[in-house]
file run.cif (mmCIF, C-alpha atoms)
data_input
#
loop_
_atom_site.group_PDB
_atom_site.id
_atom_site.type_symbol
_atom_site.label_atom_id
_atom_site.label_comp_id
_atom_site.auth_asym_id
_atom_site.auth_seq_id
_atom_site.Cartn_x
_atom_site.Cartn_y
_atom_site.Cartn_z
ATOM 1 C CA MET A 616 6.067 24.554 49.151
ATOM 2 C CA LYS A 617 9.136 24.984 46.938
ATOM 3 C CA LYS A 618 9.400 21.219 46.712
ATOM 4 C CA LEU A 619 5.791 20.973 45.572
ATOM 5 C CA PHE A 620 6.353 23.645 42.945
ATOM 6 C CA GLY A 621 9.469 21.791 41.836
ATOM 7 C CA LEU A 622 7.590 18.520 41.478
ATOM 8 C CA ALA A 623 4.756 20.236 39.619
ATOM 9 C CA ALA A 624 7.212 21.923 37.280
ATOM 10 C CA ALA A 625 9.016 18.637 36.653
ATOM 11 C CA ALA A 626 5.693 16.902 35.939
ATOM 12 C CA GLY A 627 4.709 19.692 33.580
ATOM 13 C CA LEU A 628 8.016 19.459 31.750
ATOM 14 C CA GLY A 629 7.661 15.684 31.556
ATOM 15 C CA ALA A 630 4.160 15.956 30.126
ATOM 16 C CA ALA A 631 5.330 18.569 27.646
ATOM 17 C CA ALA A 632 8.214 16.320 26.596
ATOM 18 C CA MET A 633 5.855 13.372 26.117
ATOM 19 C CA GLY A 634 3.473 15.553 24.157
ATOM 20 C CA THR A 635 6.297 16.752 21.932
ATOM 21 C CA LEU A 636 7.476 13.187 21.387
ATOM 22 C CA ALA A 637 3.940 12.038 20.551
ATOM 23 C CA LEU A 638 3.440 14.860 18.059
ATOM 24 C CA HIS A 639 6.881 14.232 16.546
ATOM 25 C CA THR A 640 6.057 10.543 16.183
ATOM 26 C CA TYR A 641 2.669 11.308 14.645
ATOM 27 C CA LEU A 642 4.130 13.724 12.099
ATOM 28 C CA ASP A 643 6.893 11.258 11.298
ATOM 29 C CA ILE A 644 4.357 8.548 10.511
ATOM 30 C CA MET A 645 1.609 10.564 8.873
ATOM 31 C CA HIS A 646 2.941 13.778 7.316
ATOM 32 C CA ARG A 647 4.307 14.006 3.813
ATOM 33 C CA GLU A 648 7.686 15.308 4.934
ATOM 34 C CA ASN A 649 9.261 12.447 6.826
ATOM 35 C CA ILE A 650 11.234 13.772 9.803
ATOM 36 C CA PRO A 651 14.913 12.721 9.440
ATOM 37 C CA LYS A 652 15.661 9.957 11.907
ATOM 38 C CA GLY A 653 12.282 10.374 13.544
ATOM 39 C CA PRO A 654 10.806 7.672 15.795
ATOM 40 C CA MET A 655 9.049 5.816 12.962
ATOM 41 C CA LYS A 656 12.233 5.773 10.890
ATOM 42 C CA ARG A 657 14.133 4.350 13.832
ATOM 43 C CA MET A 658 11.442 1.718 14.398
ATOM 44 C CA GLN A 659 11.568 0.690 10.752
ATOM 45 C CA GLU A 660 15.355 0.411 10.852
ATOM 46 C CA ALA A 661 15.195 -1.666 14.027
ATOM 47 C CA MET A 662 12.635 -4.028 12.485
ATOM 48 C CA ASP A 663 14.340 -4.091 9.091
ATOM 49 C CA ASN A 664 17.944 -4.938 10.011
ATOM 50 C CA GLY A 665 18.928 -4.873 6.342
ATOM 51 C CA ASP A 666 16.132 -7.160 5.163
ATOM 52 C CA MET A 667 14.928 -4.722 2.494
ATOM 53 C CA VAL A 668 18.276 -4.377 0.718
ATOM 54 C CA ALA A 669 17.681 -7.178 -1.793
ATOM 55 C CA LEU A 670 14.222 -5.814 -2.630
ATOM 56 C CA GLY A 671 15.625 -2.330 -3.147
ATOM 57 C CA GLU A 672 18.310 -3.664 -5.464
ATOM 58 C CA MET A 673 15.741 -5.631 -7.477
ATOM 59 C CA CYS A 674 13.503 -2.555 -7.817
ATOM 60 C CA GLU A 675 16.455 -0.435 -8.914
ATOM 61 C CA GLU A 676 17.477 -2.971 -11.536
ATOM 62 C CA SER A 677 13.902 -3.368 -12.802
ATOM 63 C CA MET A 678 13.522 0.405 -13.040
ATOM 64 C CA LYS A 679 16.332 0.573 -15.585
ATOM 65 C CA TRP A 680 14.063 -1.231 -18.056
ATOM 66 C CA VAL A 681 11.071 0.949 -17.150
ATOM 67 C CA ASP A 682 13.081 4.129 -17.733
ATOM 68 C CA GLU A 683 13.711 3.031 -21.314
ATOM 69 C CA GLN A 684 9.979 2.735 -22.056
ATOM 70 C CA PRO A 685 7.604 5.439 -23.378
ATOM 71 C CA ILE A 686 5.764 6.062 -20.126
ATOM 72 C CA GLU A 687 2.751 8.375 -20.411
ATOM 73 C CA HIS A 688 2.510 10.819 -17.501
ATOM 74 C CA ILE A 689 -1.065 11.575 -16.422
ATOM 75 C CA ASP A 690 -2.518 14.139 -14.008
ATOM 76 C CA LEU A 691 -5.765 13.369 -12.197
ATOM 77 C CA LEU A 692 -7.724 15.583 -9.809
ATOM 78 C CA ASN A 693 -9.080 13.639 -6.850
ATOM 79 C CA ASP A 694 -12.177 14.471 -4.808
ATOM 80 C CA ARG A 695 -10.052 16.516 -2.370
ATOM 81 C CA ASP A 696 -8.847 18.840 -5.166
ATOM 82 C CA GLN A 697 -5.344 17.345 -5.152
ATOM 83 C CA ILE A 698 -3.388 16.580 -8.300
ATOM 84 C CA LEU A 699 -2.364 12.927 -8.452
ATOM 85 C CA LYS A 700 0.289 11.570 -10.794
ATOM 86 C CA GLY A 701 -0.059 8.409 -12.863
ATOM 87 C CA TYR A 702 2.434 6.584 -15.092
ATOM 88 C CA LEU A 703 0.957 4.464 -17.867
ATOM 89 C CA LEU A 704 2.894 2.023 -20.039
ATOM 90 C CA HIS A 705 0.782 1.061 -23.037
ATOM 91 C CA ALA A 706 0.950 -2.516 -24.293
ATOM 92 C CA GLU A 707 3.044 -3.078 -27.407
ATOM 93 C CA LYS A 708 -0.111 -4.134 -29.258
ATOM 94 C CA GLU A 709 -3.457 -2.548 -28.476
ATOM 95 C CA SER A 710 -5.043 -4.258 -25.483
ATOM 96 C CA ASN A 711 -8.172 -3.773 -23.404
ATOM 97 C CA ILE A 712 -6.510 -5.235 -20.283
ATOM 98 C CA PHE A 713 -5.070 -2.852 -17.689
ATOM 99 C CA THR A 714 -3.160 -3.583 -14.500
ATOM 100 C CA VAL A 715 -3.427 -0.809 -11.906
ATOM 101 C CA PHE A 716 -0.731 -0.930 -9.239
ATOM 102 C CA ALA A 717 -0.796 0.441 -5.670
ATOM 103 C CA HIS A 718 2.575 1.047 -4.000
ATOM 104 C CA GLY A 719 3.474 0.743 -0.328
ATOM 105 C CA TYR A 720 3.939 3.168 2.559
ATOM 106 C CA ARG A 721 6.384 6.004 1.839
ATOM 107 C CA GLY A 722 6.863 4.588 -1.653
ATOM 108 C CA SER A 723 6.164 5.880 -5.138
ATOM 109 C CA TRP A 724 5.633 4.524 -8.633
ATOM 110 C CA ARG A 725 9.411 4.048 -8.862
ATOM 111 C CA GLY A 726 9.405 1.540 -6.020
ATOM 112 C CA ASP A 727 7.819 -1.903 -5.843
ATOM 113 C CA SER A 728 5.800 -1.408 -9.030
ATOM 114 C CA ALA A 729 9.068 -1.554 -10.995
ATOM 115 C CA ASN A 730 9.201 -5.337 -10.561
ATOM 116 C CA PHE A 731 5.847 -5.761 -12.332
ATOM 117 C CA TYR A 732 5.930 -3.334 -15.262
ATOM 118 C CA LYS A 733 7.806 -5.765 -17.519
ATOM 119 C CA TYR A 734 5.910 -8.805 -16.260
ATOM 120 C CA TYR A 735 2.536 -7.362 -17.267
ATOM 121 C CA TYR A 736 3.962 -5.738 -20.414
ATOM 122 C CA ASP A 737 5.264 -9.134 -21.580
ATOM 123 C CA LYS A 738 1.750 -10.519 -21.089
ATOM 124 C CA GLY A 739 0.469 -7.884 -23.496
ATOM 125 C CA PHE A 740 -1.263 -5.771 -20.827
ATOM 126 C CA ASN A 741 -1.255 -2.032 -20.207
ATOM 127 C CA PHE A 742 0.204 -1.075 -16.810
ATOM 128 C CA LEU A 743 -0.654 1.974 -14.699
ATOM 129 C CA SER A 744 1.199 2.817 -11.505
ATOM 130 C CA THR A 745 0.441 5.944 -9.517
ATOM 131 C CA ASP A 746 1.914 8.099 -6.794
ATOM 132 C CA HIS A 747 -0.538 7.979 -3.898
ATOM 133 C CA THR A 748 -1.575 11.129 -2.098
ATOM 134 C CA SER A 749 1.403 12.675 -0.240
ATOM 135 C CA ALA A 750 3.799 10.340 -2.113
ATOM 136 C CA GLY A 751 6.148 10.926 -5.026
ATOM 137 C CA ASP A 752 4.997 13.854 -7.151
ATOM 138 C CA SER A 753 1.346 13.694 -6.113
ATOM 139 C CA ALA A 754 -0.123 16.429 -3.937
ATOM 140 C CA GLY A 755 -1.358 16.041 -0.372
ATOM 141 C CA ASN A 756 0.265 16.175 3.044
ATOM 142 C CA TRP A 757 -1.119 13.153 4.882
ATOM 143 C CA VAL A 758 -0.712 9.404 4.437
ATOM 144 C CA GLY A 759 -4.117 7.718 4.329
ATOM 145 C CA PHE A 760 -3.080 4.163 5.276
ATOM 146 C CA ASP A 761 -5.525 2.913 2.583
ATOM 147 C CA TYR A 762 -8.394 5.273 3.518
ATOM 148 C CA TYR A 763 -7.571 8.064 1.040
ATOM 149 C CA GLU A 764 -5.563 5.806 -1.256
ATOM 150 C CA SER A 765 -8.505 3.473 -1.941
ATOM 151 C CA GLN A 766 -10.760 6.425 -2.775
ATOM 152 C CA ASP A 767 -8.141 7.797 -5.166
ATOM 153 C CA MET A 768 -7.586 4.425 -6.814
ATOM 154 C CA LEU A 769 -11.320 4.151 -7.512
ATOM 155 C CA LYS A 770 -10.977 7.532 -9.192
ATOM 156 C CA TRP A 771 -8.165 6.150 -11.362
ATOM 157 C CA LEU A 772 -10.386 3.232 -12.376
ATOM 158 C CA GLN A 773 -13.110 5.672 -13.372
ATOM 159 C CA TYR A 774 -10.544 7.587 -15.455
ATOM 160 C CA LEU A 775 -9.482 4.444 -17.337
ATOM 161 C CA ILE A 776 -13.064 3.371 -18.020
ATOM 162 C CA GLU A 777 -14.043 6.809 -19.302
ATOM 163 C CA ARG A 778 -10.948 7.079 -21.490
ATOM 164 C CA PHE A 779 -10.635 3.544 -22.854
ATOM 165 C CA GLY A 780 -14.201 2.262 -22.764
ATOM 166 C CA GLU A 781 -16.646 0.217 -20.741
ATOM 167 C CA ASP A 782 -15.308 -3.059 -22.160
ATOM 168 C CA ILE A 783 -11.842 -2.867 -20.594
ATOM 169 C CA LYS A 784 -10.683 -5.454 -18.064
ATOM 170 C CA ILE A 785 -8.744 -4.402 -14.970
ATOM 171 C CA ILE A 786 -6.391 -6.177 -12.577
ATOM 172 C CA LEU A 787 -5.645 -4.505 -9.241
ATOM 173 C CA HIS A 788 -2.230 -5.302 -7.751
ATOM 174 C CA GLY A 789 -0.912 -3.837 -4.500
ATOM 175 C CA VAL A 790 2.041 -4.378 -2.162
ATOM 176 C CA SER A 791 2.057 -3.683 1.606
ATOM 177 C CA MET A 792 -0.044 -0.537 2.228
ATOM 178 C CA GLY A 793 -0.938 -0.817 -1.458
ATOM 179 C CA ALA A 794 -2.188 -4.344 -0.787
ATOM 180 C CA ALA A 795 -4.376 -3.025 2.025
ATOM 181 C CA THR A 796 -5.555 -0.357 -0.414
ATOM 182 C CA VAL A 797 -6.727 -2.886 -3.014
ATOM 183 C CA CYS A 798 -8.280 -4.978 -0.228
ATOM 184 C CA GLN A 799 -10.211 -1.889 0.899
ATOM 185 C CA MET A 800 -11.508 -1.594 -2.668
ATOM 186 C CA ALA A 801 -12.561 -5.244 -2.947
ATOM 187 C CA ASP A 802 -16.267 -4.642 -2.265
ATOM 188 C CA LYS A 803 -16.434 -1.323 -4.140
ATOM 189 C CA VAL A 804 -14.869 -2.048 -7.534
ATOM 190 C CA PRO A 805 -16.722 -1.582 -10.832
ATOM 191 C CA PRO A 806 -17.483 -4.655 -12.988
ATOM 192 C CA GLN A 807 -14.428 -3.978 -15.168
ATOM 193 C CA VAL A 808 -12.191 -5.207 -12.326
ATOM 194 C CA LYS A 809 -11.704 -8.947 -12.776
ATOM 195 C CA LEU A 810 -9.271 -9.855 -9.995
ATOM 196 C CA ILE A 811 -7.174 -8.445 -7.140
ATOM 197 C CA VAL A 812 -3.617 -9.298 -6.097
ATOM 198 C CA ALA A 813 -2.805 -8.402 -2.483
ATOM 199 C CA ASP A 814 0.863 -8.854 -1.563
ATOM 200 C CA CYS A 815 1.451 -8.665 2.227
ATOM 201 C CA PRO A 816 -1.597 -6.607 3.267
ATOM 202 C CA TYR A 817 -2.253 -5.525 6.839
ATOM 203 C CA THR A 818 -5.690 -5.936 8.395
ATOM 204 C CA SER A 819 -5.821 -2.317 9.633
ATOM 205 C CA ALA A 820 -3.519 0.584 10.440
ATOM 206 C CA LYS A 821 -4.279 0.032 14.129
ATOM 207 C CA ASP A 822 -3.274 -3.632 13.979
ATOM 208 C CA GLU A 823 -0.106 -2.706 12.090
ATOM 209 C CA PHE A 824 0.914 0.072 14.465
ATOM 210 C CA ILE A 825 0.369 -2.082 17.546
ATOM 211 C CA SER A 826 2.228 -4.999 15.948
ATOM 212 C CA VAL A 827 5.266 -2.830 15.207
ATOM 213 C CA ALA A 828 5.135 -1.300 18.690
ATOM 214 C CA ASN A 829 4.911 -4.739 20.309
ATOM 215 C CA GLY A 830 7.890 -5.882 18.267
ATOM 216 C CA LEU A 831 9.875 -3.094 19.883
ATOM 217 C CA GLY A 832 8.719 -3.922 23.393
ATOM 218 C CA ILE A 833 6.028 -1.224 23.605
ATOM 219 C CA ASN A 834 3.219 -3.503 24.660
ATOM 220 C CA GLN A 835 0.624 -2.280 27.138
ATOM 221 C CA ALA A 836 0.985 1.363 26.136
ATOM 222 C CA ALA A 837 0.642 0.760 22.367
ATOM 223 C CA PRO A 838 -3.200 0.895 22.137
ATOM 224 C CA TYR A 839 -3.287 4.098 24.194
ATOM 225 C CA ILE A 840 -0.608 5.712 22.046
ATOM 226 C CA PHE A 841 -2.543 4.720 18.945
ATOM 227 C CA ASN A 842 -5.776 6.189 20.288
ATOM 228 C CA GLY A 843 -4.018 9.452 21.106
ATOM 229 C CA MET A 844 -2.479 9.603 17.651
ATOM 230 C CA ASN A 845 -5.830 8.858 16.081
ATOM 231 C CA GLU A 846 -7.466 11.809 17.839
ATOM 232 C CA VAL A 847 -4.755 14.052 16.403
ATOM 233 C CA ASN A 848 -5.177 12.400 13.008
ATOM 234 C CA LYS A 849 -8.914 13.122 12.920
ATOM 235 C CA ARG A 850 -8.186 16.806 13.367
ATOM 236 C CA LEU A 851 -5.139 17.182 11.148
ATOM 237 C CA ALA A 852 -5.536 14.561 8.401
ATOM 238 C CA GLY A 853 -9.336 14.544 8.491
ATOM 239 C CA TYR A 854 -10.091 10.835 8.829
ATOM 240 C CA ASP A 855 -10.368 8.106 11.445
ATOM 241 C CA LEU A 856 -7.577 5.526 11.354
ATOM 242 C CA ASN A 857 -10.116 2.919 12.492
ATOM 243 C CA ASP A 858 -11.670 3.263 9.031
ATOM 244 C CA THR A 859 -8.585 1.635 7.503
ATOM 245 C CA ASP A 860 -9.745 -1.832 8.595
ATOM 246 C CA VAL A 861 -10.104 -3.942 5.428
ATOM 247 C CA ARG A 862 -11.751 -7.044 6.876
ATOM 248 C CA GLU A 863 -15.334 -6.243 5.865
ATOM 249 C CA SER A 864 -14.281 -5.226 2.363
ATOM 250 C CA VAL A 865 -12.448 -8.522 1.863
ATOM 251 C CA LYS A 866 -15.311 -10.513 3.395
ATOM 252 C CA ASN A 867 -17.653 -8.910 0.839
ATOM 253 C CA ALA A 868 -15.250 -8.925 -2.105
ATOM 254 C CA LYS A 869 -16.824 -8.815 -5.552
ATOM 255 C CA VAL A 870 -13.943 -10.434 -7.443
ATOM 256 C CA PRO A 871 -11.412 -13.262 -7.088
ATOM 257 C CA MET A 872 -8.433 -12.448 -4.856
ATOM 258 C CA PHE A 873 -4.859 -13.730 -4.862
ATOM 259 C CA PHE A 874 -3.002 -13.277 -1.557
ATOM 260 C CA VAL A 875 0.800 -13.284 -1.284
ATOM 261 C CA HIS A 876 2.843 -13.083 1.918
ATOM 262 C CA GLY A 877 6.325 -13.760 3.181
ATOM 263 C CA GLY A 878 6.311 -16.605 5.679
ATOM 264 C CA SER A 879 8.930 -14.765 7.752
ATOM 265 C CA ASP A 880 7.338 -11.321 7.571
ATOM 266 C CA ASP A 881 7.685 -9.705 10.995
ATOM 267 C CA PHE A 882 6.753 -6.178 9.881
ATOM 268 C CA VAL A 883 3.281 -6.946 8.533
ATOM 269 C CA PRO A 884 2.936 -10.360 10.185
ATOM 270 C CA THR A 885 2.004 -13.290 7.979
ATOM 271 C CA ARG A 886 -1.009 -13.934 10.216
ATOM 272 C CA MET A 887 -2.640 -10.728 8.931
ATOM 273 C CA GLY A 888 -2.538 -11.910 5.329
ATOM 274 C CA GLN A 889 -3.693 -15.353 6.435
ATOM 275 C CA GLU A 890 -6.661 -13.858 8.271
ATOM 276 C CA LEU A 891 -7.706 -11.918 5.181
ATOM 277 C CA TYR A 892 -7.311 -14.984 2.978
ATOM 278 C CA GLU A 893 -9.600 -16.950 5.298
ATOM 279 C CA LEU A 894 -12.143 -14.110 5.464
ATOM 280 C CA CYS A 895 -12.370 -13.820 1.689
ATOM 281 C CA THR A 896 -15.550 -15.503 0.454
ATOM 282 C CA THR A 897 -15.001 -15.129 -3.278
ATOM 283 C CA GLU A 898 -12.751 -17.384 -5.376
ATOM 284 C CA LYS A 899 -9.201 -17.102 -4.082
ATOM 285 C CA ASP A 900 -5.670 -18.464 -4.032
ATOM 286 C CA GLN A 901 -2.608 -17.947 -1.892
ATOM 287 C CA LEU A 902 1.181 -17.973 -2.083
ATOM 288 C CA ILE A 903 3.298 -18.076 1.077
ATOM 289 C CA VAL A 904 7.060 -17.846 0.509
ATOM 290 C CA PRO A 905 8.547 -19.311 3.718
ATOM 291 C CA GLU A 906 11.896 -17.487 3.766
ATOM 292 C CA ALA A 907 10.584 -14.129 2.547
ATOM 293 C CA LYS A 908 10.127 -11.197 4.894
ATOM 294 C CA HIS A 909 8.158 -8.030 4.210
ATOM 295 C CA ALA A 910 7.275 -7.350 0.564
ATOM 296 C CA ASP A 911 10.128 -9.461 -0.783
ATOM 297 C CA SER A 912 8.360 -12.668 -1.838
ATOM 298 C CA ILE A 913 9.113 -11.507 -5.386
ATOM 299 C CA VAL A 914 12.832 -11.553 -4.528
ATOM 300 C CA PHE A 915 12.992 -14.964 -2.868
ATOM 301 C CA ASP A 916 10.762 -16.815 -5.318
ATOM 302 C CA THR A 917 10.527 -14.733 -8.487
ATOM 303 C CA GLU A 918 9.680 -17.650 -10.769
ATOM 304 C CA GLY A 919 7.180 -19.149 -8.321
ATOM 305 C CA TYR A 920 5.485 -15.788 -7.813
ATOM 306 C CA TYR A 921 5.120 -15.139 -11.535
ATOM 307 C CA ALA A 922 4.027 -18.719 -12.251
ATOM 308 C CA LYS A 923 1.321 -18.683 -9.570
ATOM 309 C CA LEU A 924 0.164 -15.267 -10.763
ATOM 310 C CA ASP A 925 0.095 -16.528 -14.373
ATOM 311 C CA SER A 926 -2.198 -19.356 -13.361
ATOM 312 C CA PHE A 927 -4.532 -17.077 -11.425
ATOM 313 C CA ILE A 928 -4.791 -14.531 -14.232
ATOM 314 C CA GLU A 929 -5.494 -17.220 -16.829
ATOM 315 C CA LYS A 930 -8.552 -18.304 -14.819
ATOM 316 C CA TYR A 931 -10.216 -14.898 -14.748
ATOM 317 C CA ILE A 932 -8.927 -12.848 -17.673
#
call {"tool": "encode", "arguments": {"input": "run.cif", "output": "structure tokens"}}
result
Amino acid sequence: MKKLFGLAAAAGLGAAAMGTLALHTYLDIMHRENIPKGPMKRMQEAMDNGDMVALGEMCEESMKWVDEQPIEHIDLLNDRDQILKGYLLHAEKESNIFTVFAHGYRGSWRGDSANFYKYYYDKGFNFLSTDHTSAGDSAGNWVGFDYYESQDMLKWLQYLIERFGEDIKIILHGVSMGAATVCQMADKVPPQVKLIVADCPYTSAKDEFISVANGLGINQAAPYIFNGMNEVNKRLAGYDLNDTDVRESVKNAKVPMFFVHGGSDDFVPTRMGQELYELCTTEKDQLIVPEAKHADSIVFDTEGYYAKLDSFIEKYI
């Protein structure tokens, strides 16, 4: 009898430990306050292996120029009564063209958008980057993996149209989770949006989670872990992670789309961007930078990236 009690107690402790680990992992991935050295952070470090250093250095250098510019800080209330923060650089000469930028997971306006402020400014365009919900100085506690972010970005578009007029033209540009965000918007954008740039988008949060887990050797269990996390997410964050799938939005896109991906991306695999490119039924173009990994095509082929983007913009703006 004592042995049975001992086994039951051990099983209970094991289940409790697994439950604690699952909750810790969920909070690490989804909650605003990233747990120091939590499971997701360790997974990212294992996948990264220093690959993001060059991108970080480029962003830091680019941000020096941005910090010298007269950036207008804007507050916007989203539909969940959260204050979002936006950072608008007006064109040197008055322009009716606006680029709206969506940053990646755990990023902010001071991250990957830094490498595009000057590019669009030099073209004579206005440039708005925002802190997504739960990121930077914006309110909110839960990452939306494009679900909340796409809703909020549509709100930002509405703000620009109301403030600057119905005749403005808008470019949407996103990187990583931000690229999935603009893909999610592709079939919902107002007529002022003329084109979308999606740099290394994932097909869905589920696909991305399972891909990362598989890369770390967590294969058969990955879908079950995801489903468990999603049930928690529905209750705590208030949305279904399955609703982050962007395939249908891209398939029904209203505007031309330009897809960028690193040919050696093993974090958001190149195949995901390729699938979305093939699904897109509107006018489209693509840039694959063979040696680039995640989100650093701009680092490995800066001139090629800008040149290809120039050509795409000239067609539709």
call {"tool": "atom_distance", "arguments": {"input": "run.cif", "atom1": "atom CA of A:Phe824", "atom2": "atom CA of A:Arg886"}}
result
14.8 Å
call {"tool": "resolve_selection", "arguments": {"input": "run.cif", "expression": "the PyMOL selection byres ((chain A and resi 800-806) around 8)", "output": "list in words"}}
result
Ser765, Leu769, Thr796, Val797, Cys798, Gln799, Gln807, Val808, Lys809, Ile811, Ser864, Val865, Asn867, Ala868, Lys869 and Val870 of chain A
call {"tool": "resolve_selection", "arguments": {"input": "run.cif", "expression": "the PyMOL selection byres ((chain A and resi 727) around 10)", "output": "PDB file with C-alpha atoms, in the frame of the given file"}}
result
ATOM      1  CA  LEU A 670      14.222  -5.814  -2.630  1.00  0.00           C
ATOM      2  CA  GLY A 671      15.625  -2.330  -3.147  1.00  0.00           C
ATOM      3  CA  MET A 673      15.741  -5.631  -7.477  1.00  0.00           C
ATOM      4  CA  CYS A 674      13.503  -2.555  -7.817  1.00  0.00           C
ATOM      5  CA  GLU A 675      16.455  -0.435  -8.914  1.00  0.00           C
ATOM      6  CA  SER A 677      13.902  -3.368 -12.802  1.00  0.00           C
ATOM      7  CA  MET A 678      13.522   0.405 -13.040  1.00  0.00           C
ATOM      8  CA  PHE A 716      -0.731  -0.930  -9.239  1.00  0.00           C
ATOM      9  CA  ALA A 717      -0.796   0.441  -5.670  1.00  0.00           C
ATOM     10  CA  HIS A 718       2.575   1.047  -4.000  1.00  0.00           C
ATOM     11  CA  GLY A 719       3.474   0.743  -0.328  1.00  0.00           C
ATOM     12  CA  GLY A 722       6.863   4.588  -1.653  1.00  0.00           C
ATOM     13  CA  SER A 723       6.164   5.880  -5.138  1.00  0.00           C
ATOM     14  CA  TRP A 724       5.633   4.524  -8.633  1.00  0.00           C
ATOM     15  CA  ARG A 725       9.411   4.048  -8.862  1.00  0.00           C
ATOM     16  CA  GLY A 726       9.405   1.540  -6.020  1.00  0.00           C
ATOM     17  CA  SER A 728       5.800  -1.408  -9.030  1.00  0.00           C
ATOM     18  CA  ALA A 729       9.068  -1.554 -10.995  1.00  0.00           C
ATOM     19  CA  ASN A 730       9.201  -5.337 -10.561  1.00  0.00           C
ATOM     20  CA  PHE A 731       5.847  -5.761 -12.332  1.00  0.00           C
ATOM     21  CA  TYR A 732       5.930  -3.334 -15.262  1.00  0.00           C
ATOM     22  CA  SER A 744       1.199   2.817 -11.505  1.00  0.00           C
ATOM     23  CA  GLY A 789      -0.912  -3.837  -4.500  1.00  0.00           C
ATOM     24  CA  VAL A 790       2.041  -4.378  -2.162  1.00  0.00           C
ATOM     25  CA  SER A 791       2.057  -3.683   1.606  1.00  0.00           C
ATOM     26  CA  GLY A 793      -0.938  -0.817  -1.458  1.00  0.00           C
ATOM     27  CA  ALA A 910       7.275  -7.350   0.564  1.00  0.00           C
ATOM     28  CA  ASP A 911      10.128  -9.461  -0.783  1.00  0.00           C
ATOM     29  CA  ILE A 913       9.113 -11.507  -5.386  1.00  0.00           C
TER      30      ILE A 913
END
call {"tool": "residues_around", "arguments": {"input": "run.cif", "residues": "A:Lys821", "least_positions_apart": "4", "cutoff": "12 Å", "atoms": "all atoms listed in the file", "output": "PDB file with C-alpha atoms, in the frame of the given file"}}
result
ATOM      1  CA  PHE A 760      -3.080   4.163   5.276  1.00  0.00           C
ATOM      2  CA  ASP A 761      -5.525   2.913   2.583  1.00  0.00           C
ATOM      3  CA  TYR A 817      -2.253  -5.525   6.839  1.00  0.00           C
ATOM      4  CA  ILE A 825       0.369  -2.082  17.546  1.00  0.00           C
ATOM      5  CA  SER A 826       2.228  -4.999  15.948  1.00  0.00           C
ATOM      6  CA  VAL A 827       5.266  -2.830  15.207  1.00  0.00           C
ATOM      7  CA  ALA A 828       5.135  -1.300  18.690  1.00  0.00           C
ATOM      8  CA  ALA A 837       0.642   0.760  22.367  1.00  0.00           C
ATOM      9  CA  PRO A 838      -3.200   0.895  22.137  1.00  0.00           C
ATOM     10  CA  TYR A 839      -3.287   4.098  24.194  1.00  0.00           C
ATOM     11  CA  ILE A 840      -0.608   5.712  22.046  1.00  0.00           C
ATOM     12  CA  PHE A 841      -2.543   4.720  18.945  1.00  0.00           C
ATOM     13  CA  ASN A 842      -5.776   6.189  20.288  1.00  0.00           C
ATOM     14  CA  GLY A 843      -4.018   9.452  21.106  1.00  0.00           C
ATOM     15  CA  MET A 844      -2.479   9.603  17.651  1.00  0.00           C
ATOM     16  CA  ASN A 845      -5.830   8.858  16.081  1.00  0.00           C
ATOM     17  CA  ASP A 855     -10.368   8.106  11.445  1.00  0.00           C
ATOM     18  CA  LEU A 856      -7.577   5.526  11.354  1.00  0.00           C
ATOM     19  CA  ASN A 857     -10.116   2.919  12.492  1.00  0.00           C
ATOM     20  CA  ASP A 858     -11.670   3.263   9.031  1.00  0.00           C
ATOM     21  CA  THR A 859      -8.585   1.635   7.503  1.00  0.00           C
ATOM     22  CA  ASP A 860      -9.745  -1.832   8.595  1.00  0.00           C
ATOM     23  CA  VAL A 861     -10.104  -3.942   5.428  1.00  0.00           C
ATOM     24  CA  VAL A 883       3.281  -6.946   8.533  1.00  0.00           C
TER      25      VAL A 883
END
call {"tool": "residues_around", "arguments": {"input": "run.cif", "residues": "A:Phe779", "least_positions_apart": "5", "cutoff": "10 Å", "atoms": "only C-alpha atoms", "output": "compact mmCIF listing (two decimals) with C-alpha atoms, keeping the file's coordinate frame"}}
result
# COMPACT_ATOMS: atom_id res chain seq x y z
CA SER A 710 -5.04 -4.26 -25.48
CA ASN A 711 -8.17 -3.77 -23.40
CA PHE A 713 -5.07 -2.85 -17.69
CA TYR A 774 -10.54 7.59 -15.46
call {"tool": "residues_around", "arguments": {"input": "run.cif", "residues": "A:Ile932", "least_positions_apart": "6", "cutoff": "9 Å", "atoms": "all atoms listed in the file", "output": "PyMOL selection string"}}
result
chain A and resi 712+784-786+809-810
call {"tool": "closest_residue", "arguments": {"input": "run.cif", "among": "A:Arg778, A:Tyr763, A:Glu898, A:Met667", "to": "A:Asp880", "atoms": "all atoms listed in the file"}}
result
A:Met667
call {"tool": "atom_distance", "arguments": {"input": "run.cif", "atom1": "atom CA of A:Gly755", "atom2": "atom CA of A:Gln697"}}
result
6.4 Å
call {"tool": "atom_distance", "arguments": {"input": "run.cif", "atom1": "atom CA of A:Lys679", "atom2": "atom CA of A:Phe742"}}
result
16.3 Å
call {"tool": "closest_residue", "arguments": {"input": "run.cif", "among": "A:Gly759, A:Ile689, A:Gln684, A:Asn834", "to": "A:Lys733", "atoms": "only C-alpha atoms"}}
result
A:Gln684
call {"tool": "residues_around", "arguments": {"input": "run.cif", "residues": "A:Glu918", "least_positions_apart": "6", "cutoff": "12 Å", "atoms": "only C-alpha atoms", "output": "count of residues only"}}
result
5
call {"tool": "closest_residue", "arguments": {"input": "run.cif", "among": "A:Trp757, A:Tyr854, A:Trp771, A:Tyr920", "to": "A:Asp643", "atoms": "only C-alpha atoms"}}
result
A:Trp757
